[in-house]
Amino acid sequence: MNQRFLVVLLLLFAGCSRSYMVKTNSTKAVIEQVNVMAVEYFRPDYDPPDHDDFKNKDRELKCQLPQELWADILKNEKEALECLNSIKEESKAVYFYVPATQPYLELDVEEEKNPKCLKQELPKIPLPREIYYLAKKKSADPDNEPQECYSSSFSTKTNQLFKTEISFLKKKIVIPFPLDRHLKNARDLSMWLLVNTFSILKSDEQAGGHLIATVVPDGVCRPCFKNDALFEDKSAGRLKPVFWP
């Protein structure tokens, strides 16, 4: 192979943004267990600021409950549940990760092995841009590890080559079927979507099979959870946590 061409090729792929998970110098915590009863999403309609952009420093952190993000899916809860519960054979649903300002999953309509009902009921699954949650980090004694506030984020710049979106760089997300258990109601459906969100982050090539996160200071965590009247009890452990996995 021509040496100059090889150098150019290496430079091209060095400029690719392939990961759908945001990993920075502060993303150091490896999470052992997430308290799924204390999760909030942040999904603003504006682009993330560059690290040296201070024009919008006063923007408020307006978080929402996961079920608010999936309100449109939950409106058609009966149809979505029937679809998901009907997939009995061992299979996989293939979605594309779409790195928009408000990211989402888009079903790969050209994948013939995708369960057919998903095309009608779940062609698009909104994703949060940032997730804030109480969790225990991985340690030698996870049972005695206290809950702390963490965040993990999805990238808005995946599929890019030198800041230009390239279609062949699309990242595929695989969701396995059948379900571990029968989903009965909107709460079950919302929890399935929530767990998938964390599973997607763990599957990223940068994550190495782990959920990695940034520690969130109290002054940021509490404003995010201000719509949760029980957050103090959850944080202090007075309300029994529900951990995943």
# chains A, B, ... in the order shown; residues from 1 in each chain; ligands from 1
call {"tool": "closest_atom_pairs", "arguments": {"of": "range 36-154 of chain A", "to": "range 207-215 of chain A", "cutoff": "6 Å", "atoms": "only C-alpha atoms", "output": "CSV"}}
result
residue,atom,partner,partner_atom,distance
A:Tyr150,CA,A:Val215,CA,4.6
A:Ser151,CA,A:Thr214,CA,5.3
A:Ser152,CA,A:Ala213,CA,4.9
call {"tool": "write_last_selection", "arguments": {"atoms": "N, CA, C and O atoms", "output": "mmCIF file, in the first residue's frame"}}
result
data_model
loop_
_atom_site.group_PDB
_atom_site.id
_atom_site.type_symbol
_atom_site.label_atom_id
_atom_site.label_comp_id
_atom_site.auth_asym_id
_atom_site.auth_seq_id
_atom_site.Cartn_x
_atom_site.Cartn_y
_atom_site.Cartn_z
ATOM 1 N N TYR A 150 -24.266 10.417 40.237
ATOM 2 C CA TYR A 150 -23.385 10.295 39.079
ATOM 3 C C TYR A 150 -24.120 10.749 37.824
ATOM 4 O O TYR A 150 -25.349 10.882 37.811
ATOM 5 N N SER A 151 -23.348 10.937 36.759
ATOM 6 C CA SER A 151 -23.963 11.217 35.464
ATOM 7 C C SER A 151 -23.199 10.493 34.363
ATOM 8 O O SER A 151 -21.992 10.267 34.459
ATOM 9 N N SER A 152 -23.945 10.108 33.336
ATOM 10 C CA SER A 152 -23.385 9.537 32.111
ATOM 11 C C SER A 152 -24.082 10.236 30.952
ATOM 12 O O SER A 152 -25.236 10.663 31.078
#
call {"tool": "closest_residue", "arguments": {"among": "A:Glu205, A:Asp108, A:Glu148, A:Glu121", "to": "Leu134 in chain A", "atoms": "only C-alpha atoms"}}
result
A:Glu148
call {"tool": "residues_around", "arguments": {"residues": "range 109-120 of chain A", "least_positions_apart": "4", "cutoff": "12 Å", "atoms": "only C-alpha atoms", "output": "list in words"}}
result
Ile73, Asn76, Glu79, Ala80, Leu81, Glu82, Cys83, Leu84, Asn85, Ser86, Ile87, Lys88, Glu89, Glu90, Ser91, Lys92, Ala93, Val94, Tyr95, Phe96, Lys124, Ile125, Lys172, Val174, Ile175, Pro176, Phe177 and Pro178 of chain A
call {"tool": "select_by_dssp", "arguments": {"residues": "range 25-212 of chain A", "states": "strand (DSSP E or B)", "output": "number ranges by chain"}}
result
A: 29-42, 64, 91-98, 104-107, 124-126, 130-137, 148-154, 160-161, 164-165, 171-177, 211-212
call {"tool": "atom_distance", "arguments": {"atom1": "CA of Cys221 in chain A", "atom2": "CA of Glu130 in chain A"}}
result
12.2 Å
call {"tool": "residues_around", "arguments": {"residues": "Pro146 in chain A", "least_positions_apart": "5", "cutoff": "9 Å", "atoms": "only C-alpha atoms", "output": "list in words"}}
result
Ala135, Lys136, Lys137 and Gly237 of chain A
call {"tool": "write_last_selection", "arguments": {"atoms": "N, CA and C atoms", "output": "PDB file, in the first residue's frame"}}
result
ATOM      1  N   ALA A 135     -26.182   5.865  42.598  1.00  0.00           N
ATOM      2  CA  ALA A 135     -25.584   4.571  42.299  1.00  0.00           C
ATOM      3  C   ALA A 135     -24.470   4.267  43.284  1.00  0.00           C
ATOM      4  N   LYS A 136     -24.029   3.014  43.227  1.00  0.00           N
ATOM      5  CA  LYS A 136     -22.848   2.590  43.972  1.00  0.00           C
ATOM      6  C   LYS A 136     -21.737   2.289  42.972  1.00  0.00           C
ATOM      7  N   LYS A 137     -20.560   2.796  43.239  1.00  0.00           N
ATOM      8  CA  LYS A 137     -19.441   2.517  42.341  1.00  0.00           C
ATOM      9  C   LYS A 137     -18.842   1.154  42.648  1.00  0.00           C
ATOM     10  N   GLY A 237     -30.985   6.726  51.918  1.00  0.00           N
ATOM     11  CA  GLY A 237     -31.216   5.299  52.098  1.00  0.00           C
ATOM     12  C   GLY A 237     -32.419   4.969  52.960  1.00  0.00           C
TER      13      GLY A 237
END
call {"tool": "atom_distance", "arguments": {"atom1": "CA of Gln206 in chain A", "atom2": "CA of Met21 in chain A"}}
result
7.5 Å
call {"tool": "residues_around", "arguments": {"residues": "Ser155 in chain A", "least_positions_apart": "4", "cutoff": "9 Å", "atoms": "only C-alpha atoms", "output": "PyMOL selection string"}}
result
chain A and resi 19-23+99-101+103+129
call {"tool": "closest_residue", "arguments": {"among": "A:Tyr132, A:Tyr41, A:Phe154, A:Tyr46", "to": "Tyr97 in chain A", "atoms": "only C-alpha atoms"}}
result
A:Phe154
call {"tool": "closest_residue", "arguments": {"among": "A:Leu239, A:Leu183, A:Val98, A:Leu61", "to": "Val220 in chain A", "atoms": "only C-alpha atoms"}}
result
A:Leu61
call {"tool": "closest_atom_pairs", "arguments": {"of": "range 63-127 of chain A", "to": "range 224-233 of chain A", "cutoff": "10 Å", "atoms": "only C-alpha atoms", "output": "CSV"}}
result
residue,atom,partner,partner_atom,distance
A:Cys63,CA,A:Cys224,CA,5.2
A:Gln64,CA,A:Asn227,CA,7.9
A:Leu65,CA,A:Asn227,CA,8.5
call {"tool": "closest_residue", "arguments": {"among": "A:Val30, A:Ile131, A:Lys78, A:Glu60", "to": "Leu194 in chain A", "atoms": "only C-alpha atoms"}}
result
A:Ile131
call {"tool": "closest_residue", "arguments": {"among": "A:Leu105, A:Pro128, A:Trp70, A:Lys75", "to": "Asp45 in chain A", "atoms": "only C-alpha atoms"}}
result
A:Pro128
call {"tool": "select_by_dssp", "arguments": {"residues": "range 30-161 of chain A", "states": "helix (DSSP H, G or I)", "output": "JSON, numbers by chain"}}
result
{"A": [66, 67, 68, 69, 71, 72, 73, 74, 75, 77, 78, 79, 80, 81, 82, 83, 84, 85, 86, 117, 118, 119, 120, 121, 142, 143, 144]}
call {"tool": "write_last_selection", "arguments": {"atoms": "N, CA and C atoms", "output": "PDB file, in the first residue's frame"}}
result
ATOM      1  N   PRO A  66     -37.846   9.753  33.546  1.00  0.00           N
ATOM      2  CA  PRO A  66     -37.770   8.948  32.326  1.00  0.00           C
ATOM      3  C   PRO A  66     -39.110   8.784  31.621  1.00  0.00           C
ATOM      4  N   GLN A  67     -40.189   8.584  32.389  1.00  0.00           N
ATOM      5  CA  GLN A  67     -41.492   8.377  31.752  1.00  0.00           C
ATOM      6  C   GLN A  67     -41.992   9.618  31.015  1.00  0.00           C
ATOM      7  N   GLU A  68     -41.481  10.788  31.384  1.00  0.00           N
ATOM      8  CA  GLU A  68     -41.842  12.005  30.648  1.00  0.00           C
ATOM      9  C   GLU A  68     -41.201  11.991  29.264  1.00  0.00           C
ATOM     10  N   LEU A  69     -39.973  11.513  29.177  1.00  0.00           N
ATOM     11  CA  LEU A  69     -39.294  11.433  27.881  1.00  0.00           C
ATOM     12  C   LEU A  69     -40.036  10.494  26.938  1.00  0.00           C
ATOM     13  N   ALA A  71     -43.258   9.728  26.897  1.00  0.00           N
ATOM     14  CA  ALA A  71     -44.705   9.939  27.014  1.00  0.00           C
ATOM     15  C   ALA A  71     -45.448   9.441  25.775  1.00  0.00           C
ATOM     16  N   ASP A  72     -44.898   9.693  24.579  1.00  0.00           N
ATOM     17  CA  ASP A  72     -45.580   9.280  23.349  1.00  0.00           C
ATOM     18  C   ASP A  72     -45.652   7.761  23.229  1.00  0.00           C
ATOM     19  N   ILE A  73     -44.586   7.077  23.645  1.00  0.00           N
ATOM     20  CA  ILE A  73     -44.596   5.610  23.617  1.00  0.00           C
ATOM     21  C   ILE A  73     -45.599   5.064  24.630  1.00  0.00           C
ATOM     22  N   LEU A  74     -45.623   5.678  25.813  1.00  0.00           N
ATOM     23  CA  LEU A  74     -46.498   5.193  26.878  1.00  0.00           C
ATOM     24  C   LEU A  74     -47.969   5.475  26.593  1.00  0.00           C
ATOM     25  N   LYS A  75     -48.238   6.449  25.717  1.00  0.00           N
ATOM     26  CA  LYS A  75     -49.628   6.710  25.320  1.00  0.00           C
ATOM     27  C   LYS A  75     -50.213   5.491  24.606  1.00  0.00           C
ATOM     28  N   GLU A  77     -49.346   2.390  25.152  1.00  0.00           N
ATOM     29  CA  GLU A  77     -48.752   1.328  25.980  1.00  0.00           C
ATOM     30  C   GLU A  77     -49.253  -0.060  25.590  1.00  0.00           C
ATOM     31  N   LYS A  78     -50.555  -0.214  25.345  1.00  0.00           N
ATOM     32  CA  LYS A  78     -51.130  -1.523  25.046  1.00  0.00           C
ATOM     33  C   LYS A  78     -50.480  -2.135  23.808  1.00  0.00           C
ATOM     34  N   GLU A  79     -50.381  -1.345  22.737  1.00  0.00           N
ATOM     35  CA  GLU A  79     -49.806  -1.849  21.487  1.00  0.00           C
ATOM     36  C   GLU A  79     -48.324  -2.168  21.644  1.00  0.00           C
ATOM     37  N   ALA A  80     -47.596  -1.281  22.348  1.00  0.00           N
ATOM     38  CA  ALA A  80     -46.158  -1.504  22.548  1.00  0.00           C
ATOM     39  C   ALA A  80     -45.915  -2.767  23.373  1.00  0.00           C
ATOM     40  N   LEU A  81     -46.715  -2.960  24.429  1.00  0.00           N
ATOM     41  CA  LEU A  81     -46.562  -4.150  25.269  1.00  0.00           C
ATOM     42  C   LEU A  81     -46.872  -5.418  24.499  1.00  0.00           C
ATOM     43  N   GLU A  82     -47.935  -5.391  23.724  1.00  0.00           N
ATOM     44  CA  GLU A  82     -48.294  -6.564  22.923  1.00  0.00           C
ATOM     45  C   GLU A  82     -47.178  -6.931  21.957  1.00  0.00           C
ATOM     46  N   CYS A  83     -46.579  -5.921  21.348  1.00  0.00           N
ATOM     47  CA  CYS A  83     -45.480  -6.158  20.414  1.00  0.00           C
ATOM     48  C   CYS A  83     -44.289  -6.794  21.117  1.00  0.00           C
ATOM     49  N   LEU A  84     -43.826  -6.174  22.189  1.00  0.00           N
ATOM     50  CA  LEU A  84     -42.626  -6.650  22.881  1.00  0.00           C
ATOM     51  C   LEU A  84     -42.830  -8.044  23.471  1.00  0.00           C
ATOM     52  N   ASN A  85     -43.997  -8.258  24.063  1.00  0.00           N
ATOM     53  CA  ASN A  85     -44.274  -9.562  24.675  1.00  0.00           C
ATOM     54  C   ASN A  85     -44.480 -10.665  23.642  1.00  0.00           C
ATOM     55  N   SER A  86     -44.813 -10.284  22.413  1.00  0.00           N
ATOM     56  CA  SER A  86     -45.084 -11.288  21.373  1.00  0.00           C
ATOM     57  C   SER A  86     -43.815 -11.868  20.753  1.00  0.00           C
ATOM     58  N   CYS A 117     -43.300  -6.174  14.233  1.00  0.00           N
ATOM     59  CA  CYS A 117     -44.176  -5.237  14.929  1.00  0.00           C
ATOM     60  C   CYS A 117     -43.446  -3.991  15.416  1.00  0.00           C
ATOM     61  N   LEU A 118     -42.112  -4.056  15.554  1.00  0.00           N
ATOM     62  CA  LEU A 118     -41.356  -2.893  16.006  1.00  0.00           C
ATOM     63  C   LEU A 118     -41.429  -1.745  15.003  1.00  0.00           C
ATOM     64  N   LYS A 119     -41.564  -2.083  13.727  1.00  0.00           N
ATOM     65  CA  LYS A 119     -41.650  -1.050  12.696  1.00  0.00           C
ATOM     66  C   LYS A 119     -42.874  -0.178  12.906  1.00  0.00           C
ATOM     67  N   GLN A 120     -43.928  -0.771  13.426  1.00  0.00           N
ATOM     68  CA  GLN A 120     -45.165  -0.031  13.668  1.00  0.00           C
ATOM     69  C   GLN A 120     -45.182   0.623  15.044  1.00  0.00           C
ATOM     70  N   GLU A 121     -44.716  -0.105  16.071  1.00  0.00           N
ATOM     71  CA  GLU A 121     -44.899   0.349  17.440  1.00  0.00           C
ATOM     72  C   GLU A 121     -43.693   1.078  18.036  1.00  0.00           C
ATOM     73  N   PRO A 142     -18.921  -3.746  47.694  1.00  0.00           N
ATOM     74  CA  PRO A 142     -20.048  -2.973  47.172  1.00  0.00           C
ATOM     75  C   PRO A 142     -21.235  -2.890  48.124  1.00  0.00           C
ATOM     76  N   ASP A 143     -21.392  -3.880  49.016  1.00  0.00           N
ATOM     77  CA  ASP A 143     -22.519  -3.857  49.955  1.00  0.00           C
ATOM     78  C   ASP A 143     -22.437  -2.662  50.898  1.00  0.00           C
ATOM     79  N   ASN A 144     -21.223  -2.242  51.217  1.00  0.00           N
ATOM     80  CA  ASN A 144     -21.045  -1.118  52.142  1.00  0.00           C
ATOM     81  C   ASN A 144     -20.721   0.191  51.422  1.00  0.00           C
TER      82      ASN A 144
END
